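Okay, structure first, notes after.
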Amino acid sequence: MFERKQSILFFFALFCCTITANAQTSVTETFCEYKKHPGGIGLLQPYLSWILQGKARNTKQVAYEIAVAGDPGMKKTVWSSGRVNSDISAGVPYGGPALKADQVYYWKVRVWDNNGKPSPWSAVDHWQMGLLQQSDWKAKWIEPGYIEDSVLRPSPLFRKSFDAGKKIRKATAYITAHGLYEAFINGKRVGDAWLTPGWTSYNKRLQYQAYDVTGLLQQGNNQIGVALGSGWYRGVLAWSGNYGLYGKKLGLLLQINLQYADGTTATVVSDDTWKSSTGAVRFSEIYDGEINDARQEQAGWNTTGFNDDKWSGVQVNNIALDNIVATENEPVKQQEVLTPKKIFRTPKGELVVDFGQNLTGFVRLKVSGNAGDTIKMYHAEVLDKQGNFYTANLRAAKQLNAYILSGRGQESFEPHFTFQGFRYIMLEGLRSELRPEQLTAQVLYSGMNATGSFTTSDSLLNQLQHNIQWGQRGNFLDVPTDCPQRDERLGWTGDAQVFSRTAAYNRDVLNFFKKWLKDVAADQLPNGSVPFVIPNVLGKDAAGSTGWADCATIIPWHMWLLYGDQRILEEQYASMKAWVGYMEANSKNDLWAKGFHFGDWLFYRPDDDNDGRSAITDKYLISQCFYAGSVDILYKTAVLLKKEADASHYQSLANSIRAAFVKEYMTPSGRLVSGSQTAYVLALQFDMLPEGLRAAAAQRLADNVKDYDYHLTTGFLGTPYLCHVLSRFGYNDLAYTLLMQEGYPGWLYPVKMGATTIWERWDGIKPDSTFQTIGMNSFNHYAYGAIGDWMYRTLAGINSDDQLTGYRKIIIRPLVNGKRLNLSEKDTVAQKKILTEVNAALSTRYGKLTSHWKIESGKLHVWLEIPVNTTAEVHLPAGDPSAIAEAEKVPIQWQVSGGSTVKEVSTTLGSGTYHLILDRWNK
């Protein structure tokens, strides 16, 4: 009988191998710089990537061939790689002759798989180069030729007519501005980007955008129109009231490169032939909103045939172009469109619209009325305890859009150069009843592709994930802002640092962070200190806080781990080294115990004074932990980049930093001078304690959590690592308990209070429905959403390997059936708080990765999807391999770990889909 079973398995395996040999691998998607057919590429060796598909399991690429041409028919060959024996399919650099500015390049790829079979060629894709050096720019900076209103500062309008006497084959517009711009050709909007050119450290790095405008132009007369807004360039920034931090005058730099059908070329540029005026936008600021007076709209100003005789000329400004750079990241775009959930009157009689979701963007309003009627639209995140409109937490930000009607029938209004953070709006000045169809909320955020999904059997946890994602959407608005509503909206470095890994599960954030990190380097002080906010609008004294400035090391390293693109470490290495050098220079006896630090910002401080003191963490203890963490990262980066001398220095320095920590902050038994959760979390996270004392420290951490009735007391710096540290040291159930707590403080408390995004404070709204201090109480503040990283990595078990990064090798180790530790037998919700299903997916550089488990009828079902050209190391909670069945009956060799205390089995799987069924598993 045994021999017969072996024969059946042999022939079944042979059959599977035959299927594998006959199945063909194909290239399904191609990317340049991880984008679909991008324009305006400024890199001389852009990275090419592709995703493979193959029905057979265990499919890997062993070789590739790339062809690049100057025409879509692929006849004018520019470069052919030939067959390259390599399994790399993400981030292959272009290796041909020097690329030319403004040129479109077409490319395709094919691969050979591990069965020796070549794939068909991919579909032909393309990218377009941007303007690569200053001499490629023929345009000049122009500014308004009229005297500006110094109070309201209406938005300038620019226009230029030109004649295209021949048939146009290709036209590309390159545009940037001092301020924000909105461009039109023949009355139609150029592109779908918003708030362009985005926010950078303008004096050092000002991005331009490239647009294919071929379809907007016509043979004969054409009209260009551009409107500008103050935006971040000259608008008021931060609570200090900085105005015109980068400049006091708005300006435009525009160039259109024309290629005619007969092979000739021409350019249309911003120069002294343009004209300027103002129109309907009478005032526009980031914090305060916009005033739009439709009576002053110059109808048709951006179309041909408009009479501009009364317009002013322009002033040409000979400004150097050495700060102009191509756009790397995805621009802000209008994303979701939300309709009103409810229109009602508050107890005060205010007319309020509820969109059901706290968001970042603006409201589009359609309305009719008399000329001169003024409609005022206020924005708020929450209602107060009585149900009235609440704006006290906005501080000085007005968030007010005012629309003055022209009286010409139905009119449509929306802001152009500002944005608001809100769930509710309040309207004043309407003459008639407001109907839902008159309003839509336009959601704005950077156009990063959605990559992750995470759902469970628990509705509150699903809402938490929803809130994490919407918190990211609302604050990833070209820079990672802290909040989108009050008079702040700044690129706080600490918030970005703690959230960066979670961000990479939800969205493809590599280009987003690459762009922002270059501004980190640009605004870094000469002594290496990193400002609190990037771009730095707070000045040179607002810099150097631990956990904030460490964004310079931590985020590049996270991006390397999660995307596998080594360039980010190469580009940021000098910045990383400078920040570590600052800490080193300001340390004495390897202790960094000086300077200002925010510490464990907004940690939970219980009302009881004694408990409050026990939750406080020494700020210099924190700084020493992050000092060691950044040095560790710099050491590993130096090894990776083959900088041997640096690697040796930083390895030695890390040892000295830890020795100094032990001497200064730890008793001989391993007790820390601060007994807080954050102190033990950071000491364990950054391996500050001798190895023999770590288990006892973890026990102290666990005891502390229990002492607070299974609640956390951590703030911005301790919270992201809390559950990870508990899981690492064997306290998975305690970490799970913290996550699933519904009371304050905890992640599900705001969910129970109706939150739709992550709050800045654990108790932004208190249990009695009153508010925390108005000085700092944002309801869209993503930092505490960093728990999403633990949810993906531990509950779903999706991890990238630290050696084969970017998910070339995948680690899957889900936490199944976590238990809440403080539930009594009488607790009627206990069963609901034990997860019976977690379903997570992630779009990686190699394709879709899925980890889905479900407990059903006493069995554990695990569904896995492993992308082609990757492998996955899978760990499951079973002590007996014979308890695991594979739905397709394919033999899988499992290895048992743990000896006599077996808790899991493991195996390595190649690409494919798997359905594993466990009859017996560790519950």
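Just remember, in the structure tokens the first chain shown is A, the second B, etc., residues are 1-based per chain, and ligands are 1-based in the order shown.
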List the neighbours of Gly300 (chain A) out to 8 Å using only C-alpha atoms; skip same-chain residues closer than 4 positions along the sequence, and give me the result as a count of residues only. 3
For the structure I just gave you, how does DSSP split region 163-291 of chain A - specifically, which residues are alpha helix (DSSP H)? Reply as a ChimeraX atom specification. /A:231-234
Pick out each residue of region 57-268 of chain A that DSSP on the backbone tags as strand (DSSP E); I need them as a PyMOL selection string. chain A and resi 61-69+77-80+92-93+104-113+125-128+141-144+156-164+168-178+180-185+188-189+193-194+206-212+220-229+251-260+265-268
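Restricting the calculation to only C-alpha atoms, the smallest distance between Arg845 (chain A) and any of A:Val498, A:Ile147, A:Leu562, A:Leu634 is found for A:Leu562.
Comparing A:Met74, A:Leu464, A:Leu48, A:Leu849 by their smallest distance to Trp747 (chain A), the closest is A:Leu464 (using only C-alpha atoms).
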Surrounding residues of Pro156 (chain A) excluding itself and chain neighbours under 5 positions, 6 Å, only C-alpha atoms, as a PDB file with N, CA and C atoms, in the first residue's frame:
ATOM      1  N   ALA A 227      -2.851  80.807 -14.332  1.00  0.00           N
ATOM      2  CA  ALA A 227      -3.198  81.520 -13.106  1.00  0.00           C
ATOM      3  C   ALA A 227      -2.249  81.087 -12.004  1.00  0.00           C
ATOM      4  N   LEU A 228      -1.865  82.027 -11.144  1.00  0.00           N
ATOM      5  CA  LEU A 228      -0.964  81.736 -10.037  1.00  0.00           C
ATOM      6  C   LEU A 228      -1.626  82.019  -8.696  1.00  0.00           C
ATOM      7  N   SER A 277      -2.840  90.190 -15.760  1.00  0.00           N
ATOM      8  CA  SER A 277      -3.986  90.874 -15.173  1.00  0.00           C
ATOM      9  C   SER A 277      -4.440  90.069 -13.958  1.00  0.00           C
ATOM     10  N   THR A 278      -5.604  90.370 -13.445  1.00  0.00           N
ATOM     11  CA  THR A 278      -6.206  89.588 -12.369  1.00  0.00           C
ATOM     12  C   THR A 278      -7.624  89.209 -12.771  1.00  0.00           C
TER      13      THR A 278
END
Could you name the residues that touch region 420-432 of chain A at 7 Å or less, counting only C-alpha atoms, but leaving out those on the same chain fewer than 3 positions away, as a PyMOL selection string? chain A and resi 350-362+369+374-382+399+484-485
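When only C-alpha atoms are used to compute distances to Tyr721 (chain A), the closest of the residues A:Val78, A:Met776, A:Leu682, A:Ala696 turns out to be A:Leu682.
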Nearby residues (only C-alpha atoms) at most 6 Å from region 509-522 of chain A, same-chain spacing under 4 positions excluded, as a ChimeraX atom specification: /A:201,329,504,534,575
Those residues you just picked out, can you put them in a file as a compact mmCIF listing (two decimals), in the first residue's frame with N, CA and C atoms?
# COMPACT_ATOMS: atom_id res chain seq x y z
N SER A 201 11.97 72.79 -0.78
CA SER A 201 12.81 73.88 -0.27
C SER A 201 13.15 74.75 -1.47
N ASN A 329 8.39 62.66 -7.69
CA ASN A 329 7.27 62.04 -6.99
C ASN A 329 5.98 62.20 -7.78
N ALA A 504 4.22 52.50 3.68
CA ALA A 504 4.63 51.67 2.54
C ALA A 504 3.75 50.45 2.36
N ILE A 534 10.29 69.80 7.50
CA ILE A 534 10.87 69.89 6.16
C ILE A 534 9.74 70.03 5.15
N SER A 575 23.75 62.86 3.91
CA SER A 575 22.83 63.42 4.90
C SER A 575 22.78 62.54 6.14
Selection: 6 Å around region 438-446 of chain A, only C-alpha atoms, excl. self and same-chain fewer than 5 positions, as a VMD selection string: chain A and resid 330 to 339 360 to 366 473 476 to 478
Write the selection just made, keeping C-alpha atoms, as a PDB file, in the first residue's frame?
ATOM      1  CA  GLU A 330       3.640  61.626  -7.950  1.00  0.00           C
ATOM      2  CA  PRO A 331       1.861  65.010  -7.912  1.00  0.00           C
ATOM      3  CA  VAL A 332      -1.234  65.809  -5.892  1.00  0.00           C
ATOM      4  CA  LYS A 333      -4.432  64.885  -7.693  1.00  0.00           C
ATOM      5  CA  GLN A 334      -8.158  64.995  -7.155  1.00  0.00           C
ATOM      6  CA  GLN A 335      -8.969  61.485  -5.999  1.00  0.00           C
ATOM      7  CA  GLU A 336     -12.249  60.310  -4.466  1.00  0.00           C
ATOM      8  CA  VAL A 337     -15.423  62.356  -4.780  1.00  0.00           C
ATOM      9  CA  LEU A 338     -17.758  62.262  -1.762  1.00  0.00           C
ATOM     10  CA  THR A 339     -21.384  63.318  -1.628  1.00  0.00           C
ATOM     11  CA  THR A 360      -8.339  66.808   2.867  1.00  0.00           C
ATOM     12  CA  GLY A 361      -9.461  68.700  -0.201  1.00  0.00           C
ATOM     13  CA  PHE A 362     -12.263  71.120  -0.995  1.00  0.00           C
ATOM     14  CA  VAL A 363     -15.969  71.349  -1.750  1.00  0.00           C
ATOM     15  CA  ARG A 364     -17.369  72.097  -5.173  1.00  0.00           C
ATOM     16  CA  LEU A 365     -20.592  74.100  -4.897  1.00  0.00           C
ATOM     17  CA  LYS A 366     -23.274  74.806  -7.494  1.00  0.00           C
ATOM     18  CA  ARG A 473      -4.352  60.266   2.371  1.00  0.00           C
ATOM     19  CA  PHE A 476       0.511  62.861   2.210  1.00  0.00           C
ATOM     20  CA  LEU A 477      -0.129  66.048   0.278  1.00  0.00           C
ATOM     21  CA  ASP A 478       3.204  66.384  -1.564  1.00  0.00           C
TER      22      ASP A 478
END
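Take the candidates A:Phe499, A:Phe158, A:Trp311, A:Phe344 and check each one against Asp789 (chain A) using only C-alpha atoms; the shortest distance goes to A:Phe499.
One finds CA of Ile568 (chain A) at 29.0 Å from CA of Trp112 (chain A).
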